[in-house]
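Since the structure comes first, as structure tokens, the remarks are kept for the end.
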Amino acid sequence: MKRLLKIYMEKPELAGIAFLVLLAIVFQVRSGGVFLNLQNLQGILGLLPEMALVAIGVTLLMICGEFDLSVGSVFALTPMTMAVLLEGGMPFIFAFSIGLCVALLIGFVNGYLTIQFNIPSFITTLGMLFVARSITVVISGGFPPLLPNGAIPKWLFTSYVGPGDLIRMSFVWFLAFAILIALLLSRTNFGNWVRATGGFLPAAQSMGIPTKRVKIATFMICSFLAGFAGSIQVMRLGAPLPSIGEGMELQAVAAAVIGGTALTGGIGTILGGIIGATLIRVIDNGLVLSQVDANWFKMALGALTVFAVILNAWLRKKAKSIKVETGK
Amino acid sequence: MKRLLKIYMEKPELAGIAFLVLLAIVFQVRSGGVFLNLQNLQGILGLLPEMALVAIGVTLLMICGEFDLSVGSVFALTPMTMAVLLEGGMPFIFAFSIGLCVALLIGFVNGYLTIQFNIPSFITTLGMLFVARSITVVISGGFPPLLPNGAIPKWLFTSYVGPGDLIRMSFVWFLAFAILIALLLSRTNFGNWVRATGGFLPAAQSMGIPTKRVKIATFMICSFLAGFAGSIQVMRLGAPLPSIGEGMELQAVAAAVIGGTALTGGIGTILGGIIGATLIRVIDNGLVLSQVDANWFKMALGALTVFAVILNAWLRKKAKSIKVETGK
Amino acid sequence: EPMNIVFTHHSSASNPFWQAVKKGFDDACEKIEANCQMIFTQTEGAIDQQAANMMAALARNPDALLTSIVDNNAFDEILQGAVDNGVITMAVNVDDTEGAAGNARQAFIGQGFVPAGYSLGKAMSEFFPAEGPIKAVVGISAPGQNWSEQRGAGVMQFLEEFKEANPDREVEIVRLDTGTDGAVVAERVGAYINANPDTTAYFDTGLWHAYVAQVLADRGIEPGKVLMGGFDIVAEVLQQMEAGYIQVQVDQQPYMQGFIPVMQAYLAHTVKLSPSDVDTGQGIVRAEDVPALWDLAKQGLR
Amino acid sequence: MTAPIIQVKNLHKWYSGVHALKGATLDFRPNETVGLVGDNGAGKSTLINILSGTQAPSEGEIYFEGRKVSFKGPRDAMDEGIETIYQYNSMVPTMSIARNMFIGREPIKYGIGGIGILDTKRMAEESVQAIADVDLHLRSPDALVGELSGGQRQGVAIARAMHFKSKVMILDEPTNHLAVKETRKVIGFVQSLKSLGITGIFISHNIHHVFECCDRIVAMARGEIVLDKPVGETNMDEILDVL
Amino acid sequence: MTAPIIQVKNLHKWYSGVHALKGATLDFRPNETVGLVGDNGAGKSTLINILSGTQAPSEGEIYFEGRKVSFKGPRDAMDEGIETIYQYNSMVPTMSIARNMFIGREPIKYGIGGIGILDTKRMAEESVQAIADVDLHLRSPDALVGELSGGQRQGVAIARAMHFKSKVMILDEPTNHLAVKETRKVIGFVQSLKSLGITGIFISHNIHHVFECCDRIVAMARGEIVLDKPVGETNMDEILDVL
Ligand SMILES: Nc1ncnc2c1ncn2[C@@H]1O[C@H](COP(=O)(O)OP(=O)(O)OP(=O)(O)O)[C@@H](O)[C@H]1O
Ligand SMILES: Nc1ncnc2c1ncn2[C@@H]1O[C@H](COP(=O)(O)OP(=O)(O)OP(=O)(O)O)[C@@H](O)[C@H]1O
Ligand SMILES: [Mg+2]
Ligand SMILES: [Mg+2]
């Protein structure tokens, strides 16, 4: 029993879940029962996939020991590419594919520059943040194109499904990707390489892992997911604004860190990243429902975020001090 | 000769300077001789201290192995506190001091939370970014208070001085702080502790360095400099805007990294951070003067930033491959 | 010799409103064959960056400087210097709240933030239900940033007056930090309306209420149940106005704001006609105006 | 005499500002175990790092089984059959013992293009076995390497190399941190290389150990090879003399 | 018999899920050199880490010169006069040798409140001297520790400890990675502790070395102390037996 408790409490995701439950109770009370009603859950779950997909990619990349600050820009560029092509009359499937290829290409360039010149990915992707945003504005000519009516298979991406229309199709996609990437990380040799590369690069290299290719692949996955998430958002909102995703870079990293991913690489889980993203969205939503004044909103947001991580650290410390031999 | 060249080329700041010279030439030509004229240099040197002071603090903190994302918010909060107090009739010297104390306090809180709960400073200071910005807006009530006429000793902070009125007093302050902090880092035992703490924390701890106190002190220095820089900007503009310094967090880190500071801590110089900040300002200014189209502006900015770091990496690699025994 | 004209303002390149201004600006420049440059900031509302850009641009000694004056003090010294150097200097889009008295600029083309907010509130009040309580939500897109705070303040100023004028009605005003990301705004305001179904009207200080409309439509809430209004015209806004979710929109005719000052500068430069104030229109757009706007919007003219 | 399996010709290595290897020329014959000794900083690790592909030589050539080779990375060397225990840096502290054992050579079930599902059961079993083979007592293959004692960590590295034994086996100070029993195991393993038909390169500062398990002794000093003799033709005093 | 300088009573240490030290009780007498031996993972490093303040015990007491002490960090232990060479983690790779030598104890000119200008000249001179004292040949005190070979790094750690010798000297496997000559120097140094009036705790897996320079031998196994005898009353076989 004690032993189970200990093993359980040591998982960094757990603190996140505990905090989530705590917040849900507080917000449910403060909002007079609105927080957990169907419509609000619908709202949270409808938006979650977009943020969470980006967080998954960033988490994976951070486990591999690298940063990606350009996710926000890719989040805007991919659907913008798609929209411009759609407006030009291209069928959805091609336009969408080309958009995603652009995302992959950006991921590749990020990875290639970082590795080839051995420079910090912080800089490469910060540069890319500007470059990709600039391209987005340039190809849109400054004016967001309209998505032609009926050009998008809404049923495949944004329609409501499930009991009580609780979730959207985007949630299904998100689940699929989450499971896929989580399995990739924990059950395949590729995942092992990612973790080793981020955990201690010299060891990974000397054991013959193709660390360069692993990193580039991870950059590409991260970019791809950001592009996919951006496309879902644009399909849901119906309009590709060139400014979407601004400021997302820090949020995604925050989600990963809240979920227990180490900034230095090697440590973290996909589930953690998802929980981090969920926490950020729930805090945001709950604060709105609690009618926090505009000027104080950011304060509450900042304080709760820090508190989530403090709680996490505290719980793990407590768990560690339980004196049970776990046989590990 | 070869040996000198090698030692010289291995310094990370050098590449920055080389790139700076290169850029100056390019911009001078592209802008039709305007770039290096008195008025423009005045402009660059007038703005530089603000950005560079923040970069100095962030560089020092990064060498100590920590992040500060809240600098932009402190940059706004300190002068706002000062302005609100000035408006309330307090003499400048007290208002200014209290403003700086607020900055110190924020640095302390950043450091204390990070160390006490052993959480990443990325999160603590990201939370503080929101909290401090929120406080700024709250105390200003959303609208900038007026700086009472004559309340500020302009001659001490923002007046032009020097031959041809080339620099402002703020530049003198900046120089003083830069030299002070550079000496602190390279010539004192405190600097040794900072570098050791960031270089390899377990070793620093086991050799008896009070790493916690060193980190907190460094957080406070960083915050102080950000607050001071913000105050200078507000005195120059004459208006304490609650929104100044937004987005500064990434810029300051970028300046440090361009100047050769490692994201992992332990490596870097103050001069490097200053050169990084100068590069960022020069690129920005030069692109405006080169009349780059607005939509392409960010692209040029991003590309040049990345290029600066690539050049840096490349030069050092070349330097390393020069086969001379340096006796080190 | 072509004229050199520089336009600096406080917004970033991903803002469609300013892209329309840029179009007007560029078109006008082409007409008079001037050498023109519009300088955006990196982040939305960065006044310090705008000041830096202005200083850099002035180092080139342009013939005319056009700028938005979003703060009463920050640009005073710089603009005074420009005027002293004989640069034709005009405020566009936003002016010093003290007008000509507060600043050295020679003329103002556009409409201020506060009046714009005020007229939005006023236009919207025509749609208010005849009786019963009013619950109005003002979404401050960027707390602390001038453009957003002042527009919001204009709206609230009207609402306060409305409240005084109707002492028998219960008027509640709520300020929310809604953000500048369409998806986030939609989610936040959507959640709020969900929790407070008695909300009468939502005012956005930008154009993000168009996405709120999407969310409402999604939820099957019929148009008009929550009144909505905001600033600037883009395609989505027109769509939602047609759908009936948005009642009132303030349009300051960005194309005109880009075009007119160039012409004025041209006249001032060539024949020494001194620039004069131009009101680019109260610019209140209602559903019935939409069909006429579609074409213009597509061309980026409105 | 058989043809050498590895030939090293005039190998130089410059680190920035340091000339660490000054023209080393050396042959390793199949099935032979060479003891590499030398002062601290003599260049032993540098030499074997080049042989195992973790560092590129500044100058000079390497022949493997008569073919000229140039290793782009450790993978290339491994593919040729060179297995190395490094002095440092061969474990990822944030990963479990079982995962560390198989890093880069994970057994997979159903995979395509080299990527596939890990056979975790086999990994656990084989790593337990491999560790038991070096007489190490560890709690579980799921413990993190970062939480092991110095000797336990070294033991895992040895176990891994013994498990994946190959054509050539390079051991850079493998007995550091090891307790008496484990040290004996390692010596025994090096002695057994011959019967397994494996070429061995054994670096140690313990001359007794070197004499115990090597056929030939190579001594280095200041980046150069200063002595190269079969064990029978030299003795401890001569070695200690040249160092 | 003199009063013990350090008394350890019923010391326990739990790492998360591992009971690494199970009630160790032990005295160290002034001027005595104790050899600590034991299997890999026996808990030797854990014990001395607690004595040197880098880790906190989960249970148990430590008395120093009769006073009960509880070290909050390595600084506290240093202030009492306990100087330690750790098995790992005692050098900052990104800093120069001279700076590493004096980390945390920099000589300063004109300082206030403990902070002041470094006396770099003295640091360079003294570190050159200290390194020469262990027979190590290094290029310059300005070389980065991260660029040294394994043995050179260990040598610097030894040189530092010898330079700052104190009341109690703890050495955790100091001879690992060291070449023959340097190893002899270290053994000689440990032997000389007695004449300097310093108490020594020497951890090693080389029983010969332990017998050569210690007065008393303590053996540990699985977190417990299983043998504690003066050198004269035991022999190598007995020790090897209990391990
Ligand atoms: N990365 C590096 N940068 C600069 N110099 C280095 C680097 N690595 C090693 N050296 C230097 O190269 C020389 C040879 O080092 P090497 O590690 O090969 O020695 P070694 O013979 O293995 O010594 P040891 O027995 O101490 O392990 C040493 O003088 C060392 O300082
Ligand atoms: N940080 C840690 N977390 C969990 N367990 C640990 C940690 N450090 C050490 N241990 C465990 O504690 C036990 C004792 O380790 P310790 O380092 O004291 O052994 P040691 O006697 O020094 O061994 P060696 O001779 O190999 O250095 C080992 O089983 C080890 O796995
Ligand atoms: Mg070596
Ligand atoms: Mg140990």
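Residues are named by chain letter and number: chains run A, B, ... in the order of the structure tokens, numbers start at 1 in each chain, and ligands are numbered from 1 in the order shown.
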
Q: Write out as number ranges by chain all residues of range 153-285 of chain C that backbone DSSP assigns to strand (DSSP E or B).
A: C: 171-177, 201-204, 227-231, 248-250, 278, 284-285

Store the residues picked out above, limited to C-alpha atoms, as a PDB file, in the first residue's frame.
```pdb
ATOM      1  CA  VAL C 171     -26.610  48.337 -15.960  1.00  0.00           C
ATOM      2  CA  GLU C 172     -23.682  46.093 -15.177  1.00  0.00           C
ATOM      3  CA  ILE C 173     -20.304  46.535 -16.841  1.00  0.00           C
ATOM      4  CA  VAL C 174     -17.643  43.832 -16.733  1.00  0.00           C
ATOM      5  CA  ARG C 175     -14.080  44.134 -17.990  1.00  0.00           C
ATOM      6  CA  LEU C 176     -12.397  40.917 -19.125  1.00  0.00           C
ATOM      7  CA  ASP C 177      -8.827  40.260 -20.250  1.00  0.00           C
ATOM      8  CA  ALA C 201     -23.652  42.739 -25.273  1.00  0.00           C
ATOM      9  CA  TYR C 202     -20.014  42.001 -25.870  1.00  0.00           C
ATOM     10  CA  PHE C 203     -17.648  44.719 -26.998  1.00  0.00           C
ATOM     11  CA  ASP C 204     -14.260  43.747 -28.321  1.00  0.00           C
ATOM     12  CA  LEU C 227     -25.113  41.772 -29.206  1.00  0.00           C
ATOM     13  CA  MET C 228     -21.576  42.142 -30.462  1.00  0.00           C
ATOM     14  CA  GLY C 229     -19.447  44.897 -31.802  1.00  0.00           C
ATOM     15  CA  GLY C 230     -15.850  45.853 -32.257  1.00  0.00           C
ATOM     16  CA  PHE C 231     -13.319  47.516 -34.465  1.00  0.00           C
ATOM     17  CA  VAL C 248     -22.098  47.149 -35.157  1.00  0.00           C
ATOM     18  CA  GLN C 249     -18.549  47.551 -36.280  1.00  0.00           C
ATOM     19  CA  VAL C 250     -16.380  50.624 -36.262  1.00  0.00           C
ATOM     20  CA  VAL C 278      -9.291  64.953 -41.896  1.00  0.00           C
ATOM     21  CA  ILE C 284     -20.054  52.846 -38.131  1.00  0.00           C
ATOM     22  CA  VAL C 285     -20.921  49.782 -40.170  1.00  0.00           C
TER      23      VAL C 285
END
```

(Q) Can you work out which residues are within 7 Å of ligand 4, considering only C-alpha atoms and all ligand atoms, and then hand them over as a list in words? (A)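 Those within range of ligand 4 are Ser149, Gly150 and Gly151 of chain D; Gly41, Lys44, Ser45, Gln87 and Asp172 of chain E.
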
Q: Dump as a PyMOL selection string the residues of chain A that approach chain D to within 9 Å, counting only C-alpha atoms.
A: chain A and resi 183-184+186-190+192-193+195-197+199-210+266-267+327-328

Would you put the residues from that selection into a file with N, CA, C and O atoms, as a JSON list (two decimals), in the first residue's frame?
```json
[["chain", "number", "residue", "atom", "x", "y", "z"],
["A", 183, "LEU", "N", 3.42, 6.12, -27.41],
["A", 183, "LEU", "CA", 3.96, 4.78, -27.66],
["A", 183, "LEU", "C", 5.33, 4.88, -28.32],
["A", 183, "LEU", "O", 6.26, 4.16, -27.97],
["A", 184, "LEU", "N", 5.43, 5.79, -29.25],
["A", 184, "LEU", "CA", 6.71, 5.97, -29.95],
["A", 184, "LEU", "C", 7.81, 6.24, -28.93],
["A", 184, "LEU", "O", 8.90, 5.68, -29.00],
["A", 186, "SER", "N", 7.78, 5.62, -25.57],
["A", 186, "SER", "CA", 8.03, 4.68, -24.48],
["A", 186, "SER", "C", 8.24, 3.25, -24.94],
["A", 186, "SER", "O", 8.85, 2.46, -24.23],
["A", 187, "ARG", "N", 7.78, 2.92, -26.12],
["A", 187, "ARG", "CA", 7.81, 1.51, -26.49],
["A", 187, "ARG", "C", 8.70, 1.15, -27.67],
["A", 187, "ARG", "O", 8.90, 0.00, -27.97],
["A", 188, "THR", "N", 9.21, 2.17, -28.37],
["A", 188, "THR", "CA", 10.02, 1.83, -29.54],
["A", 188, "THR", "C", 11.48, 2.18, -29.32],
["A", 188, "THR", "O", 11.81, 2.93, -28.40],
["A", 189, "ASN", "N", 12.31, 1.64, -30.18],
["A", 189, "ASN", "CA", 13.73, 1.98, -30.05],
["A", 189, "ASN", "C", 13.97, 3.44, -30.41],
["A", 189, "ASN", "O", 14.84, 4.09, -29.83],
["A", 190, "PHE", "N", 13.16, 3.98, -31.31],
["A", 190, "PHE", "CA", 13.31, 5.40, -31.62],
["A", 190, "PHE", "C", 13.13, 6.24, -30.36],
["A", 190, "PHE", "O", 13.90, 7.17, -30.09],
["A", 192, "ASN", "N", 13.65, 5.33, -27.35],
["A", 192, "ASN", "CA", 14.84, 5.13, -26.54],
["A", 192, "ASN", "C", 15.96, 6.06, -26.98],
["A", 192, "ASN", "O", 16.66, 6.65, -26.17],
["A", 193, "TRP", "N", 16.09, 6.20, -28.29],
["A", 193, "TRP", "CA", 17.14, 7.07, -28.82],
["A", 193, "TRP", "C", 16.88, 8.52, -28.46],
["A", 193, "TRP", "O", 17.80, 9.26, -28.13],
["A", 195, "ARG", "N", 15.28, 9.69, -25.92],
["A", 195, "ARG", "CA", 15.54, 9.91, -24.50],
["A", 195, "ARG", "C", 17.05, 9.91, -24.21],
["A", 195, "ARG", "O", 17.54, 10.72, -23.42],
["A", 196, "ALA", "N", 17.75, 9.00, -24.87],
["A", 196, "ALA", "CA", 19.20, 8.94, -24.64],
["A", 196, "ALA", "C", 19.88, 10.19, -25.19],
["A", 196, "ALA", "O", 20.76, 10.77, -24.56],
["A", 197, "THR", "N", 19.45, 10.62, -26.36],
["A", 197, "THR", "CA", 20.05, 11.81, -26.98],
["A", 197, "THR", "C", 19.87, 13.02, -26.09],
["A", 197, "THR", "O", 20.79, 13.82, -25.90],
["A", 199, "GLY", "N", 19.14, 12.83, -22.83],
["A", 199, "GLY", "CA", 19.62, 12.55, -21.48],
["A", 199, "GLY", "C", 21.10, 12.81, -21.32],
["A", 199, "GLY", "O", 21.54, 13.46, -20.38],
["A", 200, "PHE", "N", 21.87, 12.33, -22.25],
["A", 200, "PHE", "CA", 23.32, 12.56, -22.19],
["A", 200, "PHE", "C", 23.89, 12.31, -23.57],
["A", 200, "PHE", "O", 24.16, 11.17, -23.95],
["A", 201, "LEU", "N", 24.07, 13.40, -24.30],
["A", 201, "LEU", "CA", 24.43, 13.30, -25.71],
["A", 201, "LEU", "C", 25.72, 12.51, -25.95],
["A", 201, "LEU", "O", 25.74, 11.64, -26.82],
["A", 202, "PRO", "N", 26.80, 12.76, -25.20],
["A", 202, "PRO", "CA", 28.03, 12.01, -25.48],
["A", 202, "PRO", "C", 27.82, 10.50, -25.39],
["A", 202, "PRO", "O", 28.34, 9.75, -26.22],
["A", 203, "ALA", "N", 27.06, 10.06, -24.39],
["A", 203, "ALA", "CA", 26.83, 8.62, -24.26],
["A", 203, "ALA", "C", 26.03, 8.11, -25.45],
["A", 203, "ALA", "O", 26.35, 7.06, -26.01],
["A", 204, "ALA", "N", 24.99, 8.85, -25.81],
["A", 204, "ALA", "CA", 24.17, 8.41, -26.94],
["A", 204, "ALA", "C", 25.02, 8.30, -28.19],
["A", 204, "ALA", "O", 24.94, 7.32, -28.93],
["A", 205, "GLN", "N", 25.88, 9.28, -28.39],
["A", 205, "GLN", "CA", 26.74, 9.25, -29.57],
["A", 205, "GLN", "C", 27.69, 8.07, -29.51],
["A", 205, "GLN", "O", 27.84, 7.33, -30.48],
["A", 206, "SER", "N", 28.31, 7.87, -28.35],
["A", 206, "SER", "CA", 29.33, 6.83, -28.32],
["A", 206, "SER", "C", 28.73, 5.44, -28.36],
["A", 206, "SER", "O", 29.41, 4.49, -28.65],
["A", 207, "MET", "N", 27.42, 5.34, -28.09],
["A", 207, "MET", "CA", 26.80, 4.03, -28.25],
["A", 207, "MET", "C", 26.23, 3.85, -29.65],
["A", 207, "MET", "O", 25.47, 2.93, -29.90],
["A", 208, "GLY", "N", 26.60, 4.77, -30.55],
["A", 208, "GLY", "CA", 26.26, 4.55, -31.95],
["A", 208, "GLY", "C", 24.86, 4.98, -32.36],
["A", 208, "GLY", "O", 24.40, 4.64, -33.44],
["A", 209, "ILE", "N", 24.17, 5.72, -31.51],
["A", 209, "ILE", "CA", 22.86, 6.22, -31.92],
["A", 209, "ILE", "C", 23.05, 7.33, -32.96],
["A", 209, "ILE", "O", 23.90, 8.20, -32.78],
["A", 210, "PRO", "N", 22.30, 7.30, -34.04],
["A", 210, "PRO", "CA", 22.43, 8.36, -35.05],
["A", 210, "PRO", "C", 21.78, 9.64, -34.52],
["A", 210, "PRO", "O", 20.70, 10.04, -34.97],
["A", 266, "GLY", "N", 15.97, 14.70, -21.63],
["A", 266, "GLY", "CA", 16.08, 13.35, -21.11],
["A", 266, "GLY", "C", 14.96, 12.92, -20.20],
["A", 266, "GLY", "O", 14.71, 11.73, -20.05],
["A", 267, "ILE", "N", 14.30, 13.87, -19.56],
["A", 267, "ILE", "CA", 13.27, 13.52, -18.59],
["A", 267, "ILE", "C", 11.93, 14.10, -19.02],
["A", 267, "ILE", "O", 11.87, 15.27, -19.42],
["A", 327, "GLY", "N", 12.54, -1.97, -4.29],
["A", 327, "GLY", "CA", 13.19, -3.01, -5.07],
["A", 327, "GLY", "C", 13.68, -2.52, -6.41],
["A", 327, "GLY", "O", 13.92, -3.30, -7.32],
["A", 328, "LYS", "N", 13.77, -1.21, -6.53],
["A", 328, "LYS", "CA", 14.33, -0.68, -7.77],
["A", 328, "LYS", "C", 15.77, -0.28, -7.56],
["A", 328, "LYS", "O", 16.17, 0.07, -6.47]]
```

Pull the closest atom pair for each residue of chain A that gets at most 6 Å from chain C, along with the distance in Å to one decimal, counting only C-alpha atoms, ordering rows by chain and then ascending residue number, as a Markdown table.
```
| residue | atom | partner | partner_atom | distance |
| --- | --- | --- | --- | --- |
| A:Val34 | CA | C:Ala195 | CA | 5.5 |
| A:Asn40 | CA | C:Ala191 | CA | 5.9 |
| A:Val137 | CA | C:Ser14 | CA | 5.9 |
| A:Gly142 | CA | C:Gln19 | CA | 5.4 |
| A:Phe143 | CA | C:Pro16 | CA | 5.5 |
| A:Pro242 | CA | C:Ser14 | CA | 5.2 |
| A:Ser243 | CA | C:Ser14 | CA | 5.1 |
| A:Ile244 | CA | C:Asp181 | CA | 5.7 |
| A:Leu289 | CA | C:Tyr192 | CA | 5.6 |
| A:Asp293 | CA | C:Leu176 | CA | 5.7 |
| A:Ala294 | CA | C:Asp177 | CA | 4.0 |
```

Dump of all heavy atoms for the selected residues, as a compact mmCIF listing (two decimals), in the first residue's frame:
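Here's the written file selection.txt:
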```
# COMPACT_ATOMS: atom_id res chain seq x y z
N VAL A 34 -21.13 26.29 -13.05
CA VAL A 34 -21.06 26.35 -14.51
C VAL A 34 -19.85 25.61 -15.06
O VAL A 34 -19.90 25.04 -16.15
CB VAL A 34 -21.01 27.83 -14.97
CG1 VAL A 34 -20.89 27.91 -16.48
CG2 VAL A 34 -22.23 28.55 -14.48
N ASN A 40 -19.63 24.16 -21.09
CA ASN A 40 -18.29 24.64 -20.79
C ASN A 40 -17.25 23.55 -21.06
O ASN A 40 -16.19 23.82 -21.60
CB ASN A 40 -18.20 25.10 -19.33
CG ASN A 40 -16.97 25.93 -19.09
OD1 ASN A 40 -16.68 26.84 -19.86
ND2 ASN A 40 -16.20 25.58 -18.07
N VAL A 137 2.72 36.30 -43.34
CA VAL A 137 2.17 37.61 -43.73
C VAL A 137 2.36 37.81 -45.22
O VAL A 137 1.44 38.26 -45.92
CB VAL A 137 2.87 38.73 -42.94
CG1 VAL A 137 2.42 40.08 -43.45
CG2 VAL A 137 2.56 38.59 -41.46
N GLY A 142 -1.08 40.06 -46.36
CA GLY A 142 -1.54 40.90 -45.27
C GLY A 142 -3.01 40.71 -44.97
O GLY A 142 -3.47 41.00 -43.87
N PHE A 143 -3.76 40.23 -45.95
CA PHE A 143 -5.19 40.05 -45.70
C PHE A 143 -5.52 38.58 -45.62
O PHE A 143 -5.21 37.82 -46.53
CB PHE A 143 -6.00 40.69 -46.81
CG PHE A 143 -5.73 42.15 -46.90
CD1 PHE A 143 -4.88 42.64 -47.88
CD2 PHE A 143 -6.27 43.02 -45.97
CE1 PHE A 143 -4.59 44.00 -47.93
CE2 PHE A 143 -5.99 44.37 -46.03
CZ PHE A 143 -5.14 44.86 -47.01
N PRO A 242 -3.32 35.83 -39.85
CA PRO A 242 -1.86 35.67 -39.82
C PRO A 242 -1.27 35.79 -38.41
O PRO A 242 -0.10 35.49 -38.19
CB PRO A 242 -1.34 36.80 -40.71
CG PRO A 242 -2.48 37.70 -40.95
CD PRO A 242 -3.75 37.01 -40.61
N SER A 243 -2.07 36.19 -37.46
CA SER A 243 -1.50 36.41 -36.12
C SER A 243 -1.74 35.28 -35.14
O SER A 243 -1.32 35.36 -33.99
CB SER A 243 -2.06 37.71 -35.54
OG SER A 243 -3.44 37.56 -35.33
N ILE A 244 -2.40 34.21 -35.57
CA ILE A 244 -2.67 33.16 -34.59
C ILE A 244 -1.37 32.51 -34.11
O ILE A 244 -0.37 32.49 -34.81
CB ILE A 244 -3.62 32.05 -35.13
CG1 ILE A 244 -3.04 31.41 -36.38
CG2 ILE A 244 -5.00 32.60 -35.38
CD1 ILE A 244 -3.83 30.20 -36.84
N LEU A 289 -14.52 32.27 -15.85
CA LEU A 289 -15.80 31.98 -15.21
C LEU A 289 -15.88 32.60 -13.83
O LEU A 289 -16.96 32.94 -13.35
CB LEU A 289 -16.00 30.47 -15.10
CG LEU A 289 -16.18 29.74 -16.42
CD1 LEU A 289 -16.50 28.29 -16.17
CD2 LEU A 289 -17.28 30.38 -17.24
N ASP A 293 -11.22 40.36 -12.79
CA ASP A 293 -11.11 41.60 -13.56
C ASP A 293 -9.92 41.54 -14.52
O ASP A 293 -8.90 40.92 -14.23
CB ASP A 293 -10.95 42.80 -12.62
CG ASP A 293 -10.81 44.09 -13.39
OD1 ASP A 293 -11.86 44.61 -13.81
OD2 ASP A 293 -9.68 44.56 -13.60
N ALA A 294 -10.09 42.21 -15.65
CA ALA A 294 -9.06 42.16 -16.70
C ALA A 294 -7.66 42.46 -16.16
O ALA A 294 -6.70 41.78 -16.50
CB ALA A 294 -9.41 43.13 -17.82
```

Q | Selection as a ChimeraX atom specification: residues within 9 Å of ligand 1 by only C-alpha atoms and all ligand atoms | A | /B:328 /D:13-21,37-49,87,172-173,203-205,220-223 /E:137-139,143-155,177-179

Q. Ala219 in chain E: which residues within 7 Å, counting only C-alpha atoms, same-chain residues fewer than 6 positions away excluded, as a list in words?
A.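 Residues meeting the cut-off are Leu36, Val37, Gly38, Ile225, Val226, Leu227 and Asp228 of chain E.
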
With C-alpha atoms kept, could you save the residues just selected as a tab-separated table (two decimals), in the first residue's frame?
```tsv
chain	number	residue	atom	x	y	z
E	36	LEU	CA	37.11	1.80	4.31
E	37	VAL	CA	36.55	-1.14	2.03
E	38	GLY	CA	33.53	-2.95	0.70
E	225	ILE	CA	29.61	-2.46	8.97
E	226	VAL	CA	30.76	-6.07	9.00
E	227	LEU	CA	34.34	-5.79	10.21
E	228	ASP	CA	36.33	-3.22	12.17
```

Skip Ile201 in chain E itself and residues of its chain fewer than 4 positions away, then list as a JSON list (two decimals) with all heavy atoms, in the first residue's frame all residues within 6 Å of it, counting only C-alpha atoms.
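out-v9.json, written as the output of this step:
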```json
[["chain", "number", "residue", "atom", "x", "y", "z"],
["E", 33, "THR", "N", 44.44, 6.63, 10.66],
["E", 33, "THR", "CA", 44.01, 6.53, 9.27],
["E", 33, "THR", "C", 43.19, 5.25, 9.11],
["E", 33, "THR", "O", 43.68, 4.16, 9.35],
["E", 33, "THR", "CB", 45.20, 6.51, 8.31],
["E", 33, "THR", "OG1", 46.00, 7.65, 8.56],
["E", 33, "THR", "CG2", 44.74, 6.51, 6.89],
["E", 34, "VAL", "N", 41.94, 5.43, 8.73],
["E", 34, "VAL", "CA", 41.03, 4.29, 8.62],
["E", 34, "VAL", "C", 40.82, 3.96, 7.14],
["E", 34, "VAL", "O", 40.54, 4.84, 6.34],
["E", 34, "VAL", "CB", 39.67, 4.62, 9.27],
["E", 34, "VAL", "CG1", 38.70, 3.45, 9.08],
["E", 34, "VAL", "CG2", 39.86, 4.93, 10.73],
["E", 35, "GLY", "N", 40.97, 2.70, 6.82],
["E", 35, "GLY", "CA", 40.69, 2.25, 5.46],
["E", 35, "GLY", "C", 39.27, 1.72, 5.39],
["E", 35, "GLY", "O", 38.86, 0.90, 6.20],
["E", 170, "ILE", "N", 39.10, 13.05, 4.03],
["E", 170, "ILE", "CA", 38.37, 11.91, 3.51],
["E", 170, "ILE", "C", 38.73, 11.73, 2.03],
["E", 170, "ILE", "O", 38.63, 12.68, 1.26],
["E", 170, "ILE", "CB", 36.85, 12.10, 3.66],
["E", 170, "ILE", "CG1", 36.50, 12.37, 5.13],
["E", 170, "ILE", "CG2", 36.10, 10.89, 3.15],
["E", 170, "ILE", "CD1", 35.02, 12.59, 5.36]]
```
